[in-house]
Each structure stands twice: as structure tokens, then as C-alpha cells.
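Undergrad: Contents of work_7.cif (mmCIF, C-alpha atoms):
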```
data_run
#
loop_
_atom_site.group_PDB
_atom_site.id
_atom_site.type_symbol
_atom_site.label_atom_id
_atom_site.label_comp_id
_atom_site.auth_asym_id
_atom_site.auth_seq_id
_atom_site.Cartn_x
_atom_site.Cartn_y
_atom_site.Cartn_z
ATOM 1 C CA MET T 25 -42.742 26.010 9.794
ATOM 2 C CA ASP T 26 -41.278 23.177 11.859
ATOM 3 C CA LEU T 27 -37.550 22.689 12.334
ATOM 4 C CA ILE T 28 -36.617 19.156 11.306
ATOM 5 C CA THR T 29 -32.914 19.332 12.071
ATOM 6 C CA ALA T 30 -30.188 21.946 12.483
ATOM 7 C CA TRP T 31 -26.478 21.388 11.935
ATOM 8 C CA ASN T 32 -23.944 24.023 12.892
ATOM 9 C CA PRO T 33 -20.559 22.322 13.405
ATOM 10 C CA ASP T 34 -17.507 23.945 14.957
ATOM 11 C CA GLU T 35 -15.151 22.247 12.490
ATOM 12 C CA ASP T 36 -15.144 22.322 8.679
ATOM 13 C CA GLN T 37 -17.522 19.767 7.163
ATOM 14 C CA TRP T 38 -17.680 18.276 3.698
ATOM 15 C CA TRP T 39 -20.899 16.244 3.829
ATOM 16 C CA ILE T 40 -23.840 16.837 6.117
ATOM 17 C CA THR T 41 -26.742 14.517 6.746
ATOM 18 C CA GLY T 42 -29.599 15.185 9.127
ATOM 19 C CA PHE T 43 -32.245 12.768 10.331
ATOM 20 C CA ASN T 44 -35.262 13.271 12.549
ATOM 21 C CA PRO T 45 -37.378 10.161 13.293
ATOM 22 C CA GLU T 46 -40.308 12.434 14.210
ATOM 23 C CA CYS T 47 -40.480 13.715 10.616
ATOM 24 C CA LYS T 48 -43.203 11.573 9.052
ATOM 25 C CA GLY T 49 -46.106 11.928 6.660
ATOM 26 C CA GLU T 50 -46.545 15.408 5.137
ATOM 27 C CA LYS T 51 -43.418 16.677 6.895
ATOM 28 C CA ALA T 52 -41.361 13.970 5.170
ATOM 29 C CA ASP T 53 -42.561 15.017 1.711
ATOM 30 C CA ALA T 54 -39.700 16.862 -0.029
ATOM 31 C CA LYS T 55 -42.227 19.250 -1.594
ATOM 32 C CA ASN T 56 -42.934 20.556 1.919
ATOM 33 C CA GLN T 57 -39.309 21.099 2.932
ATOM 34 C CA VAL T 58 -36.758 23.883 2.657
ATOM 35 C CA MET T 59 -33.036 23.546 3.276
ATOM 36 C CA ILE T 60 -30.786 26.513 3.865
ATOM 37 C CA GLY T 61 -27.041 26.038 3.670
ATOM 38 C CA SER T 62 -23.943 28.115 3.160
ATOM 39 C CA VAL T 63 -20.500 27.833 1.633
ATOM 40 C CA ASP T 64 -17.831 29.913 3.363
ATOM 41 C CA PHE T 65 -15.249 31.092 0.830
ATOM 42 C CA SER T 66 -13.308 33.311 3.270
ATOM 43 C CA GLY T 67 -9.636 32.754 2.536
ATOM 44 C CA ASN T 68 -10.631 31.589 -0.963
ATOM 45 C CA GLU T 69 -11.907 34.857 -2.401
ATOM 46 C CA ASN T 70 -10.872 33.866 -5.934
ATOM 47 C CA MET T 71 -13.196 30.843 -5.769
ATOM 48 C CA TYR T 72 -15.993 33.084 -4.442
ATOM 49 C CA ASP T 73 -15.522 35.555 -7.303
ATOM 50 C CA ASN T 74 -15.355 32.779 -9.923
ATOM 51 C CA PHE T 75 -18.509 31.162 -8.557
ATOM 52 C CA ILE T 76 -20.384 34.449 -8.965
ATOM 53 C CA ILE T 77 -18.989 34.928 -12.489
ATOM 54 C CA GLU T 78 -20.172 31.427 -13.418
ATOM 55 C CA MET T 79 -23.638 31.938 -11.925
ATOM 56 C CA ASN T 80 -24.035 35.246 -13.791
ATOM 57 C CA LYS T 81 -23.580 33.528 -17.160
ATOM 58 C CA VAL T 82 -26.516 33.151 -19.510
ATOM 59 C CA GLY T 83 -28.516 30.035 -18.730
ATOM 60 C CA ASN T 84 -27.991 30.068 -14.973
ATOM 61 C CA ASP T 85 -31.104 32.095 -14.102
ATOM 62 C CA GLU T 86 -32.852 29.111 -12.485
ATOM 63 C CA LYS T 87 -29.839 28.316 -10.281
ATOM 64 C CA ARG T 88 -29.165 31.941 -9.389
ATOM 65 C CA LYS T 89 -32.580 32.503 -7.816
ATOM 66 C CA TYR T 90 -31.632 30.093 -4.994
ATOM 67 C CA LEU T 91 -28.490 32.061 -4.054
ATOM 68 C CA ILE T 92 -27.737 34.947 -1.705
ATOM 69 C CA TYR T 93 -24.264 36.476 -1.810
ATOM 70 C CA ASP T 94 -22.669 37.815 1.382
ATOM 71 C CA GLU T 95 -19.906 39.956 -0.101
ATOM 72 C CA GLN T 96 -18.537 41.079 3.269
ATOM 73 C CA ASN T 97 -17.989 37.538 4.618
ATOM 74 C CA LYS T 98 -17.392 35.859 1.226
ATOM 75 C CA THR T 99 -20.186 33.394 1.924
ATOM 76 C CA ILE T 100 -22.822 32.087 -0.452
ATOM 77 C CA TRP T 101 -26.171 31.080 1.040
ATOM 78 C CA ILE T 102 -28.244 28.521 -0.829
ATOM 79 C CA CYS T 103 -31.949 27.902 -0.296
ATOM 80 C CA TRP T 104 -33.144 24.587 -1.725
ATOM 81 C CA HIS T 105 -36.876 24.053 -2.056
ATOM 82 C CA SER T 106 -39.477 22.594 -4.358
ATOM 83 C CA MET T 107 -40.737 24.947 -7.032
ATOM 84 C CA GLU T 108 -43.950 22.979 -7.640
ATOM 85 C CA ASP T 109 -47.205 24.854 -7.181
ATOM 86 C CA LYS T 110 -49.079 23.794 -4.067
ATOM 87 C CA LYS T 111 -52.790 23.339 -4.607
#
```
Take the structure in the file and write it out as C-alpha cells.

TA:
Amino acid sequence: MDLITAWNPDEDQWWITGFNPECKGEKADAKNQVMIGSVDFSGNENMYDNFIIEMNKVGNDEKRKYLIYDEQNKTIWICWHSMEDKK
């Protein structure tokens, strides 16, 4: 696995965009990429709890499989990737 870009700011961020001009061809194909991000709900525990309640509702199985809950730090990790079969 090749690292395309990493973003770990010191200040709160709303929108993040990464670009690597070396990422071309197969590497640039979204089916070959994974993005891992997190949402820090510390100080907003009610939002954290409500997010989990919403994701546990019927019909959210597909979304839920991309999530990891860090109960201690009130952080939700999200792993975005293509679910297409590679042949």
C-alpha cells in the first residue's frame, strides 16, 4: 500500500483536501484507494451518542460496516473504500 497523502492538522478543520501529483494511473483509480478519517466528538458526547443511535437503526448496516467507535476518546473512525470485487 502506498501513502498518497496524510493530513494531521493541529487546529480544527472542517474540509480537507489532499493532492499528490505523483498519484497517476492505477493509483489514481478510486477503486484502488482507501481513506481513513476520524470525527472527534470529545466535548460533544451527546452528538457522539446520537450518532451511534442513528447508525444502529435498521437500514444502516451498509454504513455501519465502515465505522469504528472509540468510546474512551469519543471519536468515530471512518474507513472509505470501494466495495467492488477486484478481478

Undergrad: For the provided coordinates, the residues matched by the PyMOL selection byres ((chain T and resi 37-44) around 12) should be stated as a list of chain:residue names.

TA: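 Applying the expression gives T:Asp26, T:Leu27, T:Ile28, T:Thr29, T:Ala30, T:Trp31, T:Asn32, T:Pro33, T:Asp34, T:Glu35, T:Asp36, T:Pro45, T:Glu46, T:Cys47, T:Lys48, T:Lys51, T:Ala52, T:Met59, T:Gly61, T:Ser62, T:Val63, T:Asp64.
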
Undergrad: Can you tell me which residues surround T:Met71 at a distance of at most 12 Å, considering all atoms listed in the file, apart from same-chain residues fewer than 6 positions away, and format the answer as a list in words?

TA: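 Here the qualifying residues turn out to be Val63, Asp64, Phe65, Ile77, Glu78, Lys98, Thr99 and Ile100 of chain T.
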
Undergrad: Could you check how far atom CA of T:Met79 sits from atom CA of T:Ala54, in Å to one decimal?

TA: 25.0 Å

Undergrad: How many Å lie between atom CA of T:Tyr90 and atom CA of T:Ser106, rounded to one decimal?

TA: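 Answer for the atom CA of T:Tyr90 to atom CA of T:Ser106 separation: 10.9 Å.
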
Undergrad: Can you tell me how far atom CA of T:Gln96 sits from atom CA of T:Ile60, in Å to one decimal?

TA: 19.0 Å

Undergrad: Between T:Glu50, T:Ser66, T:Cys103, T:Tyr72, which has the minimum distance to T:Arg88 (counting all atoms listed in the file)?

TA: T:Cys103

Undergrad: Output as a PDB file, in the frame of the given file: stretch 65-88 of chain T, completed with N, CA and C atoms.

TA:
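Result written to selection16.pdb:
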```pdb
ATOM      1  N   PHE T  65     -16.412  30.960   1.704  1.00  0.00           N
ATOM      2  CA  PHE T  65     -15.249  31.092   0.830  1.00  0.00           C
ATOM      3  C   PHE T  65     -14.188  32.022   1.414  1.00  0.00           C
ATOM      4  N   SER T  66     -14.319  32.419   2.687  1.00  0.00           N
ATOM      5  CA  SER T  66     -13.308  33.311   3.270  1.00  0.00           C
ATOM      6  C   SER T  66     -11.948  32.607   3.207  1.00  0.00           C
ATOM      7  N   GLY T  67     -10.953  33.335   2.771  1.00  0.00           N
ATOM      8  CA  GLY T  67      -9.636  32.754   2.536  1.00  0.00           C
ATOM      9  C   GLY T  67      -9.500  32.181   1.138  1.00  0.00           C
ATOM     10  N   ASN T  68     -10.607  32.096   0.408  1.00  0.00           N
ATOM     11  CA  ASN T  68     -10.631  31.589  -0.963  1.00  0.00           C
ATOM     12  C   ASN T  68     -11.445  32.542  -1.827  1.00  0.00           C
ATOM     13  N   GLU T  69     -11.130  33.825  -1.722  1.00  0.00           N
ATOM     14  CA  GLU T  69     -11.907  34.857  -2.401  1.00  0.00           C
ATOM     15  C   GLU T  69     -11.955  34.668  -3.909  1.00  0.00           C
ATOM     16  N   ASN T  70     -10.890  34.116  -4.494  1.00  0.00           N
ATOM     17  CA  ASN T  70     -10.872  33.866  -5.934  1.00  0.00           C
ATOM     18  C   ASN T  70     -11.959  32.857  -6.321  1.00  0.00           C
ATOM     19  N   MET T  71     -12.139  31.824  -5.509  1.00  0.00           N
ATOM     20  CA  MET T  71     -13.196  30.843  -5.769  1.00  0.00           C
ATOM     21  C   MET T  71     -14.570  31.498  -5.638  1.00  0.00           C
ATOM     22  N   TYR T  72     -14.735  32.357  -4.642  1.00  0.00           N
ATOM     23  CA  TYR T  72     -15.993  33.084  -4.442  1.00  0.00           C
ATOM     24  C   TYR T  72     -16.312  33.917  -5.680  1.00  0.00           C
ATOM     25  N   ASP T  73     -15.325  34.696  -6.129  1.00  0.00           N
ATOM     26  CA  ASP T  73     -15.522  35.555  -7.303  1.00  0.00           C
ATOM     27  C   ASP T  73     -15.835  34.739  -8.553  1.00  0.00           C
ATOM     28  N   ASN T  74     -15.122  33.624  -8.745  1.00  0.00           N
ATOM     29  CA  ASN T  74     -15.355  32.779  -9.923  1.00  0.00           C
ATOM     30  C   ASN T  74     -16.720  32.095  -9.880  1.00  0.00           C
ATOM     31  N   PHE T  75     -17.174  31.743  -8.690  1.00  0.00           N
ATOM     32  CA  PHE T  75     -18.509  31.162  -8.557  1.00  0.00           C
ATOM     33  C   PHE T  75     -19.562  32.161  -9.022  1.00  0.00           C
ATOM     34  N   ILE T  76     -19.430  33.407  -8.575  1.00  0.00           N
ATOM     35  CA  ILE T  76     -20.384  34.449  -8.965  1.00  0.00           C
ATOM     36  C   ILE T  76     -20.329  34.696 -10.472  1.00  0.00           C
ATOM     37  N   ILE T  77     -19.132  34.747 -11.037  1.00  0.00           N
ATOM     38  CA  ILE T  77     -18.989  34.928 -12.489  1.00  0.00           C
ATOM     39  C   ILE T  77     -19.720  33.808 -13.223  1.00  0.00           C
ATOM     40  N   GLU T  78     -19.524  32.577 -12.776  1.00  0.00           N
ATOM     41  CA  GLU T  78     -20.172  31.427 -13.418  1.00  0.00           C
ATOM     42  C   GLU T  78     -21.695  31.510 -13.299  1.00  0.00           C
ATOM     43  N   MET T  79     -22.186  31.861 -12.132  1.00  0.00           N
ATOM     44  CA  MET T  79     -23.638  31.938 -11.925  1.00  0.00           C
ATOM     45  C   MET T  79     -24.278  33.087 -12.699  1.00  0.00           C
ATOM     46  N   ASN T  80     -23.502  34.109 -13.034  1.00  0.00           N
ATOM     47  CA  ASN T  80     -24.035  35.246 -13.791  1.00  0.00           C
ATOM     48  C   ASN T  80     -24.057  35.004 -15.299  1.00  0.00           C
ATOM     49  N   LYS T  81     -23.562  33.849 -15.735  1.00  0.00           N
ATOM     50  CA  LYS T  81     -23.580  33.528 -17.160  1.00  0.00           C
ATOM     51  C   LYS T  81     -25.000  33.216 -17.619  1.00  0.00           C
ATOM     52  N   VAL T  82     -25.223  33.454 -18.896  1.00  0.00           N
ATOM     53  CA  VAL T  82     -26.516  33.151 -19.510  1.00  0.00           C
ATOM     54  C   VAL T  82     -26.842  31.674 -19.284  1.00  0.00           C
ATOM     55  N   GLY T  83     -28.073  31.406 -18.933  1.00  0.00           N
ATOM     56  CA  GLY T  83     -28.516  30.035 -18.730  1.00  0.00           C
ATOM     57  C   GLY T  83     -28.538  29.604 -17.274  1.00  0.00           C
ATOM     58  N   ASN T  84     -28.017  30.427 -16.384  1.00  0.00           N
ATOM     59  CA  ASN T  84     -27.991  30.068 -14.973  1.00  0.00           C
ATOM     60  C   ASN T  84     -29.055  30.788 -14.151  1.00  0.00           C
ATOM     61  N   ASP T  85     -30.053  31.357 -14.812  1.00  0.00           N
ATOM     62  CA  ASP T  85     -31.104  32.095 -14.102  1.00  0.00           C
ATOM     63  C   ASP T  85     -31.804  31.233 -13.058  1.00  0.00           C
ATOM     64  N   GLU T  86     -32.142  30.001 -13.413  1.00  0.00           N
ATOM     65  CA  GLU T  86     -32.852  29.111 -12.485  1.00  0.00           C
ATOM     66  C   GLU T  86     -32.013  28.825 -11.245  1.00  0.00           C
ATOM     67  N   LYS T  87     -30.722  28.590 -11.418  1.00  0.00           N
ATOM     68  CA  LYS T  87     -29.839  28.316 -10.281  1.00  0.00           C
ATOM     69  C   LYS T  87     -29.651  29.563  -9.428  1.00  0.00           C
ATOM     70  N   ARG T  88     -29.489  30.686 -10.074  1.00  0.00           N
ATOM     71  CA  ARG T  88     -29.165  31.941  -9.389  1.00  0.00           C
ATOM     72  C   ARG T  88     -30.258  32.374  -8.414  1.00  0.00           C
TER      73      ARG T  88
END
```
